[in-house]
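J.: Below is the file run_0.cif, which contains mmCIF, C-alpha atoms and all ligand atoms.
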data_work
loop_
_atom_site.label_atom_id
_atom_site.label_comp_id
_atom_site.auth_asym_id
_atom_site.auth_seq_id
_atom_site.Cartn_x
_atom_site.Cartn_y
_atom_site.Cartn_z
CA MET D 1 80.81 -79.17 18.26
CA ASP D 2 79.63 -82.32 19.93
CA ILE D 3 81.51 -82.47 23.25
CA ALA D 4 81.36 -86.27 23.50
CA GLY D 5 84.86 -87.75 23.28
CA LYS D 6 86.57 -84.38 22.82
CA VAL D 7 89.69 -83.14 24.65
CA ALA D 8 89.44 -79.84 26.52
CA VAL D 9 92.03 -77.64 28.23
CA VAL D 10 90.77 -75.37 31.03
CA THR D 11 92.96 -72.67 32.59
CA GLY D 12 92.09 -71.30 36.01
CA ALA D 13 90.75 -74.80 36.67
CA ALA D 14 91.67 -74.85 40.39
CA SER D 15 88.71 -72.73 41.42
CA GLY D 16 85.39 -71.09 40.64
CA ILE D 17 84.29 -70.86 37.02
CA GLY D 18 87.16 -72.98 35.65
CA ARG D 19 86.48 -75.85 38.05
CA ALA D 20 82.72 -75.78 37.38
CA THR D 21 83.29 -75.73 33.60
CA ALA D 22 85.73 -78.64 33.77
CA MET D 23 83.12 -80.63 35.71
CA ALA D 24 80.41 -79.69 33.20
CA LEU D 25 82.63 -80.80 30.30
CA ALA D 26 83.20 -84.16 31.95
CA LYS D 27 79.47 -84.56 32.61
CA ALA D 28 78.80 -83.74 28.95
CA GLY D 29 80.98 -86.68 27.91
CA ALA D 30 84.35 -85.10 27.15
CA GLY D 31 86.94 -87.82 26.60
CA GLY D 32 89.73 -85.86 28.29
CA VAL D 33 90.07 -82.73 30.40
CA VAL D 34 93.34 -80.95 31.21
CA LEU D 35 93.17 -78.90 34.41
CA ALA D 36 95.71 -76.06 34.21
CA ASP D 37 96.36 -73.57 37.00
CA ILE D 38 99.19 -72.02 39.00
CA ASP D 39 97.53 -73.46 42.15
CA ALA D 40 98.89 -77.02 42.29
CA LYS D 41 96.82 -78.04 45.32
CA GLY D 42 93.62 -76.58 43.89
CA ILE D 43 93.86 -78.55 40.64
CA GLU D 44 94.32 -81.77 42.60
CA THR D 45 90.99 -81.08 44.36
CA SER D 46 89.45 -80.23 40.98
CA ARG D 47 90.80 -83.49 39.55
CA ASP D 48 88.86 -85.50 42.15
CA LEU D 49 85.69 -83.51 41.48
CA VAL D 50 85.95 -83.75 37.69
CA ALA D 51 86.76 -87.48 37.80
CA GLY D 52 83.77 -87.91 40.15
CA ALA D 53 81.55 -86.20 37.58
CA ASN D 54 82.35 -88.83 34.93
CA ALA D 55 84.59 -91.82 35.58
CA ASP D 56 85.03 -92.36 31.82
CA CYS D 57 86.64 -88.95 31.34
CA LYS D 58 90.44 -89.00 31.61
CA VAL D 59 91.52 -86.07 33.78
CA ILE D 60 95.06 -84.76 34.03
CA THR D 61 96.55 -81.77 35.79
CA ALA D 62 99.17 -79.36 34.46
CA VAL D 63 100.63 -76.84 36.88
CA THR D 64 100.81 -73.79 34.63
CA ASP D 65 101.64 -70.12 34.98
CA VAL D 66 99.82 -68.61 32.03
CA THR D 67 102.13 -65.57 32.05
CA HIS D 68 105.15 -67.73 31.12
CA LEU D 69 105.39 -68.79 27.49
CA ALA D 70 107.37 -71.93 28.36
CA SER D 71 104.75 -72.93 30.91
CA LEU D 72 101.90 -72.47 28.41
CA GLU D 73 103.85 -74.42 25.78
CA ALA D 74 104.42 -77.22 28.30
CA MET D 75 100.66 -77.29 29.01
CA TYR D 76 99.93 -77.92 25.32
CA GLU D 77 102.79 -80.44 25.00
CA THR D 78 101.44 -82.39 27.98
CA THR D 79 97.96 -82.36 26.42
CA LEU D 80 99.22 -83.63 23.07
CA ALA D 81 101.47 -86.26 24.67
CA GLU D 82 98.55 -87.58 26.72
CA PHE D 83 95.70 -87.30 24.20
CA GLY D 84 97.21 -86.61 20.77
CA GLN D 85 94.73 -83.77 20.15
CA VAL D 86 93.18 -80.64 21.62
CA ASP D 87 89.64 -79.73 20.59
CA VAL D 88 88.53 -77.13 23.14
CA VAL D 89 90.50 -74.48 25.06
CA PHE D 90 88.89 -72.38 27.79
CA ASN D 91 91.27 -69.47 28.52
CA ASN D 92 89.78 -68.54 31.87
CA ALA D 93 92.56 -67.86 34.42
CA GLY D 94 92.21 -64.34 35.77
CA ILE D 95 92.90 -61.96 38.62
CA VAL D 96 91.62 -58.58 39.83
CA SER D 97 93.81 -55.69 40.95
CA GLY D 98 92.47 -55.66 44.51
CA PRO D 99 93.11 -52.75 46.89
CA PRO D 100 94.05 -49.96 46.76
CA PRO D 101 91.61 -48.91 44.03
CA PHE D 102 92.88 -47.34 40.81
CA PRO D 103 94.64 -44.91 40.32
CA ASP D 104 96.62 -45.96 43.43
CA THR D 105 97.18 -49.53 42.19
CA ASP D 106 100.83 -50.62 42.31
CA PRO D 107 102.09 -50.37 38.69
CA ALA D 108 103.61 -53.85 39.01
CA ARG D 109 100.13 -55.17 39.81
CA VAL D 110 98.72 -53.33 36.77
CA LYS D 111 101.24 -55.13 34.55
CA LEU D 112 100.36 -58.49 36.10
CA VAL D 113 96.62 -57.94 35.59
CA ILE D 114 97.16 -57.15 31.90
CA ASP D 115 99.56 -60.09 31.57
CA ILE D 116 97.24 -62.69 33.10
CA ASP D 117 93.88 -61.32 31.97
CA LEU D 118 94.76 -60.29 28.41
CA THR D 119 98.25 -61.14 27.10
CA SER D 120 98.12 -64.78 28.21
CA VAL D 121 94.71 -65.19 26.53
CA ILE D 122 96.15 -63.96 23.24
CA VAL D 123 99.30 -66.09 23.47
CA SER D 124 97.42 -69.22 24.56
CA THR D 125 95.05 -68.73 21.61
CA GLN D 126 98.05 -68.51 19.26
CA LEU D 127 99.47 -71.75 20.62
CA ALA D 128 96.08 -73.49 20.51
CA VAL D 129 95.54 -72.47 16.89
CA ARG D 130 98.85 -74.12 15.94
CA HIS D 131 97.61 -77.40 17.37
CA MET D 132 94.04 -77.08 16.05
CA ARG D 133 94.82 -76.21 12.43
CA GLU D 134 94.52 -79.82 11.22
CA ARG D 135 91.16 -80.71 12.81
CA GLY D 136 89.58 -77.39 13.83
CA GLY D 137 88.51 -76.51 17.35
CA VAL D 138 86.79 -74.11 19.73
CA ILE D 139 88.43 -71.49 21.97
CA ILE D 140 86.47 -69.62 24.64
CA ASN D 141 88.05 -66.66 26.42
CA THR D 142 86.75 -65.35 29.73
CA ALA D 143 86.06 -61.62 29.61
CA SER D 144 83.63 -59.90 32.00
CA THR D 145 80.72 -57.48 32.05
CA GLY D 146 83.46 -55.32 33.61
CA GLY D 147 84.91 -55.13 30.08
CA LEU D 148 81.74 -53.49 28.79
CA ASN D 149 81.17 -50.82 31.42
CA PRO D 150 83.52 -48.11 32.72
CA TYR D 151 84.89 -49.18 36.11
CA LEU D 152 87.37 -46.74 37.67
CA ALA D 153 88.16 -48.75 40.83
CA ASP D 154 89.70 -51.51 38.69
CA ALA D 155 90.29 -49.74 35.40
CA PRO D 156 93.22 -52.07 34.50
CA TYR D 157 90.89 -55.11 34.84
CA ALA D 158 88.16 -53.39 32.79
CA ALA D 159 90.71 -52.53 30.11
CA ALA D 160 92.08 -56.09 30.02
CA LYS D 161 88.61 -57.62 29.74
CA ALA D 162 87.58 -55.13 27.03
CA GLY D 163 90.74 -56.29 25.26
CA VAL D 164 89.65 -59.93 25.56
CA ILE D 165 86.31 -59.05 23.94
CA MET D 166 87.91 -57.24 20.99
CA PHE D 167 90.62 -59.89 20.62
CA SER D 168 87.97 -62.63 20.43
CA ARG D 169 85.90 -60.62 17.96
CA SER D 170 89.04 -60.08 15.87
CA CYS D 171 89.49 -63.85 15.55
CA LYS D 172 86.13 -64.28 13.75
CA ASP D 173 87.71 -65.10 10.39
CA LEU D 174 89.65 -68.03 11.86
CA HIS D 175 86.35 -69.88 11.50
CA ALA D 176 86.35 -69.67 7.71
CA ALA D 177 90.13 -69.94 7.45
CA ALA D 178 90.83 -72.85 9.79
CA ASN D 179 87.52 -74.11 11.25
CA ILE D 180 88.51 -72.65 14.63
CA ARG D 181 85.80 -70.74 16.48
CA VAL D 182 86.97 -68.15 19.01
CA ASN D 183 84.39 -66.51 21.31
CA ALA D 184 84.31 -64.68 24.63
CA VAL D 185 82.05 -65.15 27.63
CA CYS D 186 81.28 -62.12 29.83
CA PRO D 187 80.12 -63.17 33.30
CA GLY D 188 78.39 -60.74 35.61
CA VAL D 189 79.01 -60.99 39.37
CA THR D 190 79.52 -64.69 40.11
CA GLU D 191 79.91 -66.41 43.48
CA THR D 192 83.59 -67.47 43.44
CA PRO D 193 86.69 -66.80 45.59
CA ILE D 194 87.59 -63.85 43.32
CA LEU D 195 85.01 -61.76 45.23
CA GLU D 196 87.21 -61.99 48.35
CA LYS D 197 90.24 -61.05 46.24
CA LEU D 198 88.45 -57.80 45.25
CA GLY D 199 88.91 -56.68 48.84
CA GLY D 200 92.37 -58.19 49.27
CA GLY D 201 91.11 -61.11 51.42
CA SER D 202 87.57 -60.18 52.32
CA ARG D 203 84.69 -58.79 50.29
CA PRO D 204 84.94 -55.02 49.91
CA GLU D 205 82.20 -52.91 51.48
CA TRP D 206 81.21 -51.36 48.15
CA LEU D 207 80.18 -54.81 46.88
CA THR D 208 77.49 -55.35 49.53
CA PRO D 209 74.84 -52.94 48.15
CA ILE D 210 75.47 -54.22 44.63
CA MET D 211 75.03 -57.86 45.67
CA GLU D 212 71.89 -57.02 47.64
CA ASN D 213 70.19 -55.79 44.47
CA ILE D 214 71.09 -58.50 41.96
CA LYS D 215 70.81 -62.23 41.52
CA VAL D 216 74.39 -63.35 41.94
CA LEU D 217 75.36 -65.94 39.32
CA THR D 218 76.82 -69.35 40.15
CA PRO D 219 79.89 -70.88 38.47
CA ASP D 220 77.49 -73.45 36.97
CA ASP D 221 75.59 -70.63 35.21
CA ILE D 222 78.81 -69.57 33.47
CA ALA D 223 79.78 -73.18 32.70
CA ALA D 224 76.40 -73.64 30.97
CA ALA D 225 77.05 -70.58 28.78
CA VAL D 226 80.52 -71.89 27.90
CA LEU D 227 79.11 -75.28 26.90
CA ASP D 228 76.47 -73.55 24.76
CA LEU D 229 79.26 -71.67 22.96
CA ILE D 230 81.16 -74.90 22.37
CA ARG D 231 78.09 -76.66 20.95
CA ASP D 232 76.79 -73.82 18.74
CA ASP D 233 78.69 -74.09 15.45
CA SER D 234 77.31 -70.74 14.29
CA MET D 235 79.12 -68.77 17.00
CA ALA D 236 82.47 -67.29 15.96
CA GLY D 237 83.97 -63.95 16.95
CA GLU D 238 81.07 -63.29 19.32
CA TYR D 239 80.83 -62.35 22.99
CA VAL D 240 78.05 -63.66 25.19
CA VAL D 241 76.95 -61.78 28.31
CA VAL D 242 75.73 -63.76 31.31
CA ALA D 243 73.99 -60.93 33.12
CA ASN D 244 72.85 -60.49 36.70
CA ASP D 245 69.07 -60.12 36.77
CA PRO D 246 67.79 -57.58 39.28
CA LEU D 247 66.48 -59.19 42.46
CA GLY D 248 62.79 -59.91 42.15
CA ALA D 249 62.98 -60.57 38.41
CA LYS D 250 61.35 -63.82 37.29
CA ALA D 251 63.79 -66.65 36.56
N1 LIG D 301 83.53 -64.27 39.68
C1 LIG D 301 83.13 -63.19 39.02
O1 LIG D 301 82.28 -62.39 39.50
C2 LIG D 301 83.66 -62.94 37.62
C3 LIG D 301 82.97 -62.01 36.81
C4 LIG D 301 83.46 -61.76 35.53
C5 LIG D 301 84.58 -62.42 35.07
N2 LIG D 301 85.23 -63.30 35.88
C6 LIG D 301 86.43 -63.96 35.32
O2 LIG D 301 86.25 -65.35 35.42
C7 LIG D 301 87.56 -65.98 35.42
C8 LIG D 301 87.60 -67.03 36.51
O3 LIG D 301 87.49 -66.35 37.76
P1 LIG D 301 86.77 -66.95 39.04
O4 LIG D 301 85.66 -66.04 39.37
O5 LIG D 301 86.51 -68.40 38.87
O6 LIG D 301 87.91 -66.65 40.11
P2 LIG D 301 88.86 -67.60 40.98
O7 LIG D 301 89.76 -66.67 41.69
O8 LIG D 301 88.02 -68.54 41.73
O9 LIG D 301 89.66 -68.43 39.86
C9 LIG D 301 90.72 -67.86 39.10
C10 LIG D 301 91.78 -68.94 38.90
O10 LIG D 301 92.83 -68.39 38.07
C11 LIG D 301 94.05 -68.92 38.56
N3 LIG D 301 95.21 -68.12 38.17
C12 LIG D 301 95.53 -66.87 38.60
N4 LIG D 301 96.70 -66.50 38.08
C13 LIG D 301 97.13 -67.52 37.29
C14 LIG D 301 98.29 -67.72 36.48
N5 LIG D 301 99.26 -66.79 36.38
N6 LIG D 301 98.39 -68.89 35.81
C15 LIG D 301 97.44 -69.85 35.91
N7 LIG D 301 96.34 -69.72 36.67
C16 LIG D 301 96.19 -68.56 37.35
C17 LIG D 301 93.85 -68.91 40.08
O11 LIG D 301 94.81 -69.75 40.75
C18 LIG D 301 92.42 -69.38 40.22
O12 LIG D 301 92.34 -70.78 40.37
C19 LIG D 301 88.56 -64.84 35.56
O13 LIG D 301 89.12 -64.53 34.31
C20 LIG D 301 87.71 -63.68 36.08
O14 LIG D 301 88.26 -62.43 35.74
C21 LIG D 301 84.79 -63.58 37.13
#
Spell out the structure here as structure tokens.

T.:
Amino acid sequence: MDIAGKVAVVTGAASGIGRATAMALAKAGAGGVVLADIDAKGIETSRDLVAGANADCKVITAVTDVTHLASLEAMYETTLAEFGQVDVVFNNAGIVSGPPPFPDTDPARVKLVIDIDLTSVIVSTQLAVRHMRERGGVIINTASTGGLNPYLADAPYAAAKAGVIMFSRSCKDLHAAANIRVNAVCPGVTETPILEKLGGGSRPEWLTPIMENIKVLTPDDIAAAVLDLIRDDSMAGEYVVVANDPLGAKA
């Protein structure tokens, strides 16, 4: 899909990967970008940054809790009222369990992780498909390399992200049926505020030796992979890994 003039919805747009991807979409000539997040202040900051990236891109914010059906529906209604179409959806909002590590995680937190990281991705995809059936579209879901490798300390997160990968793969035939391409992106360790959330406010000690041995990705690295997935019309039902090279590896 040619991004020029298209309308994109980005969830988790107040921070990190979502903010960087919204900026990249604007730079690539998107006609409209909808910044959706539960963090009302954060999306206002993102709005300034995205508008600064391309003054011709119309940027709107939609305070959205992706775990609430009515809130997700309102996000799509706002998009359609403003732009009359939705071409790209980046289902990216996500959380980690944080301390204490699994199996001591509060069960209420486990339910929230599954709700935000997996269920909302599925429900938002359903809603997007309803609005894309006429003209086709592209949906990208944020998974994680954590969804490919066993990870006891945050097993609920790993399970949710593995679910996002299989859900996106399961949507492959929507391409032939409705010209809607659904794919997942699997970032490795990426420099965003979520790394502090892993430790409940500060980076956990166990992360230090890992980060010392890898090239940590930037949100722009993930945004570039998302834009590649949007542009490549052959990609449907696939997952793309953005891996951390070992330190010392050639770029
Ligand atoms: N940073 C990494 O190392 C990494 C690695 C793999 C996958 N990911 C995934 O990338 C995605 C983006 O994470 P990030 O690293 O940019 O982290 P981040 O914490 O900077 O951004 C996550 C955003 O999601 C929003 N959010 C949380 N709950 C929400 C809800 N109920 N409704 C709407 N928005 C909500 C937050 O307010 C925040 O703005 C997540 O799905 C995360 O799991 C991140």

J.: To one decimal place in Å, what is the distance between atom CA of D:Asn54 and atom CA of D:Leu25?

T.: 9.3 Å

J.: Quick one: residues within 9 Å of stretch 85-94 of chain D, only C-alpha atoms counted, chain neighbours fewer than 6 positions away excluded, as number ranges by chain?

T.: D: 3, 6-13, 17-18, 21, 36-37, 66, 76, 79, 113, 116-118, 120-121, 124-125, 128, 131-132, 135-143, 194, 226, 230

J.: Could you give me, as a ChimeraX atom specification, the residues within 9 Å of D:Pro101, counting all atoms listed in the file and dropping anything in the same chain fewer than 3 positions from it?

T.: /D:97-98,104-105,152-155

J.: If I take atom CA of D:Asp39 and atom O2 of ligand LIG 301 (chain D), how far is one from the other in Å, to one decimal?

T.: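 Distance reported for this atom pair: 15.4 Å.
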
J.: Taking all atoms of stretch 236-249 of chain D that the file lists, what box with edges along x, y and z, padded by 8 Å per side, do you get, with centre and edge lengths in Å to one decimal, as lines of an AutoDock Vina configuration file?

T.:
center_x = 73.4
center_y = -62.4
center_z = 29.2
size_x = 37.2
size_y = 25.7
size_z = 42.5

J.: Within 12 Å of D:Arg19, counting all atoms listed in the file, which residues show up once you throw out same-chain ones fewer than 4 positions away? Write them as a PDB file with C-alpha atoms, in the coordinates of the input, please.

T.:
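Just written: result_34.pdb:
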ATOM      1  CA  VAL D   9      92.030 -77.640  28.230  1.00  0.00           C
ATOM      2  CA  VAL D  10      90.770 -75.370  31.030  1.00  0.00           C
ATOM      3  CA  THR D  11      92.960 -72.670  32.590  1.00  0.00           C
ATOM      4  CA  GLY D  12      92.090 -71.300  36.010  1.00  0.00           C
ATOM      5  CA  ALA D  13      90.750 -74.800  36.670  1.00  0.00           C
ATOM      6  CA  ALA D  14      91.670 -74.850  40.390  1.00  0.00           C
ATOM      7  CA  SER D  15      88.710 -72.730  41.420  1.00  0.00           C
ATOM      8  CA  MET D  23      83.120 -80.630  35.710  1.00  0.00           C
ATOM      9  CA  ALA D  24      80.410 -79.690  33.200  1.00  0.00           C
ATOM     10  CA  LEU D  25      82.630 -80.800  30.300  1.00  0.00           C
ATOM     11  CA  ALA D  26      83.200 -84.160  31.950  1.00  0.00           C
ATOM     12  CA  VAL D  33      90.070 -82.730  30.400  1.00  0.00           C
ATOM     13  CA  VAL D  34      93.340 -80.950  31.210  1.00  0.00           C
ATOM     14  CA  LEU D  35      93.170 -78.900  34.410  1.00  0.00           C
ATOM     15  CA  ALA D  36      95.710 -76.060  34.210  1.00  0.00           C
ATOM     16  CA  ASP D  37      96.360 -73.570  37.000  1.00  0.00           C
ATOM     17  CA  GLY D  42      93.620 -76.580  43.890  1.00  0.00           C
ATOM     18  CA  ILE D  43      93.860 -78.550  40.640  1.00  0.00           C
ATOM     19  CA  GLU D  44      94.320 -81.770  42.600  1.00  0.00           C
ATOM     20  CA  THR D  45      90.990 -81.080  44.360  1.00  0.00           C
ATOM     21  CA  SER D  46      89.450 -80.230  40.980  1.00  0.00           C
ATOM     22  CA  ARG D  47      90.800 -83.490  39.550  1.00  0.00           C
ATOM     23  CA  ASP D  48      88.860 -85.500  42.150  1.00  0.00           C
ATOM     24  CA  LEU D  49      85.690 -83.510  41.480  1.00  0.00           C
ATOM     25  CA  VAL D  50      85.950 -83.750  37.690  1.00  0.00           C
ATOM     26  CA  ALA D  51      86.760 -87.480  37.800  1.00  0.00           C
ATOM     27  CA  ALA D  53      81.550 -86.200  37.580  1.00  0.00           C
ATOM     28  CA  THR D  61      96.550 -81.770  35.790  1.00  0.00           C
ATOM     29  CA  PHE D  90      88.890 -72.380  27.790  1.00  0.00           C
ATOM     30  CA  ASN D  92      89.780 -68.540  31.870  1.00  0.00           C
ATOM     31  CA  ALA D  93      92.560 -67.860  34.420  1.00  0.00           C
ATOM     32  CA  THR D 192      83.590 -67.470  43.440  1.00  0.00           C
ATOM     33  CA  PRO D 193      86.690 -66.800  45.590  1.00  0.00           C
ATOM     34  CA  THR D 218      76.820 -69.350  40.150  1.00  0.00           C
ATOM     35  CA  PRO D 219      79.890 -70.880  38.470  1.00  0.00           C
ATOM     36  CA  ASP D 220      77.490 -73.450  36.970  1.00  0.00           C
ATOM     37  CA  ILE D 222      78.810 -69.570  33.470  1.00  0.00           C
ATOM     38  CA  ALA D 223      79.780 -73.180  32.700  1.00  0.00           C
TER      39      ALA D 223
END

J.: In Å, with one decimal, what is the gap from atom C3 of ligand LIG 301 (chain D) to atom CA of D:Gly199?

T.: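 Going from atom C3 of ligand LIG 301 (chain D) over to atom CA of D:Gly199 covers 14.4 Å.
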
J.: In terms of the shortest atom-to-atom distance over all atoms listed in the file, which of D:Ser168, D:Thr78, D:Asn183, D:Thr190 is closest to ligand LIG 301 (chain D)?

T.: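 Between D:Ser168, D:Thr78, D:Asn183, D:Thr190, the residue approaching ligand LIG 301 (chain D) most closely is D:Thr190.
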
J.: Out of D:Glu205, D:Glu238, D:Asp221, D:Asp232, which residue has the shortest atom-to-atom distance to D:Asp173 when counting all atoms listed in the file?

T.: D:Glu238

J.: Nearest residue to ligand LIG 301 (chain D) out of D:Pro150, D:Gly5, D:Gly248, D:Pro187, using all atoms listed in the file?

T.: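 Among the listed residues, the smallest separation from ligand LIG 301 (chain D) belongs to D:Pro187.
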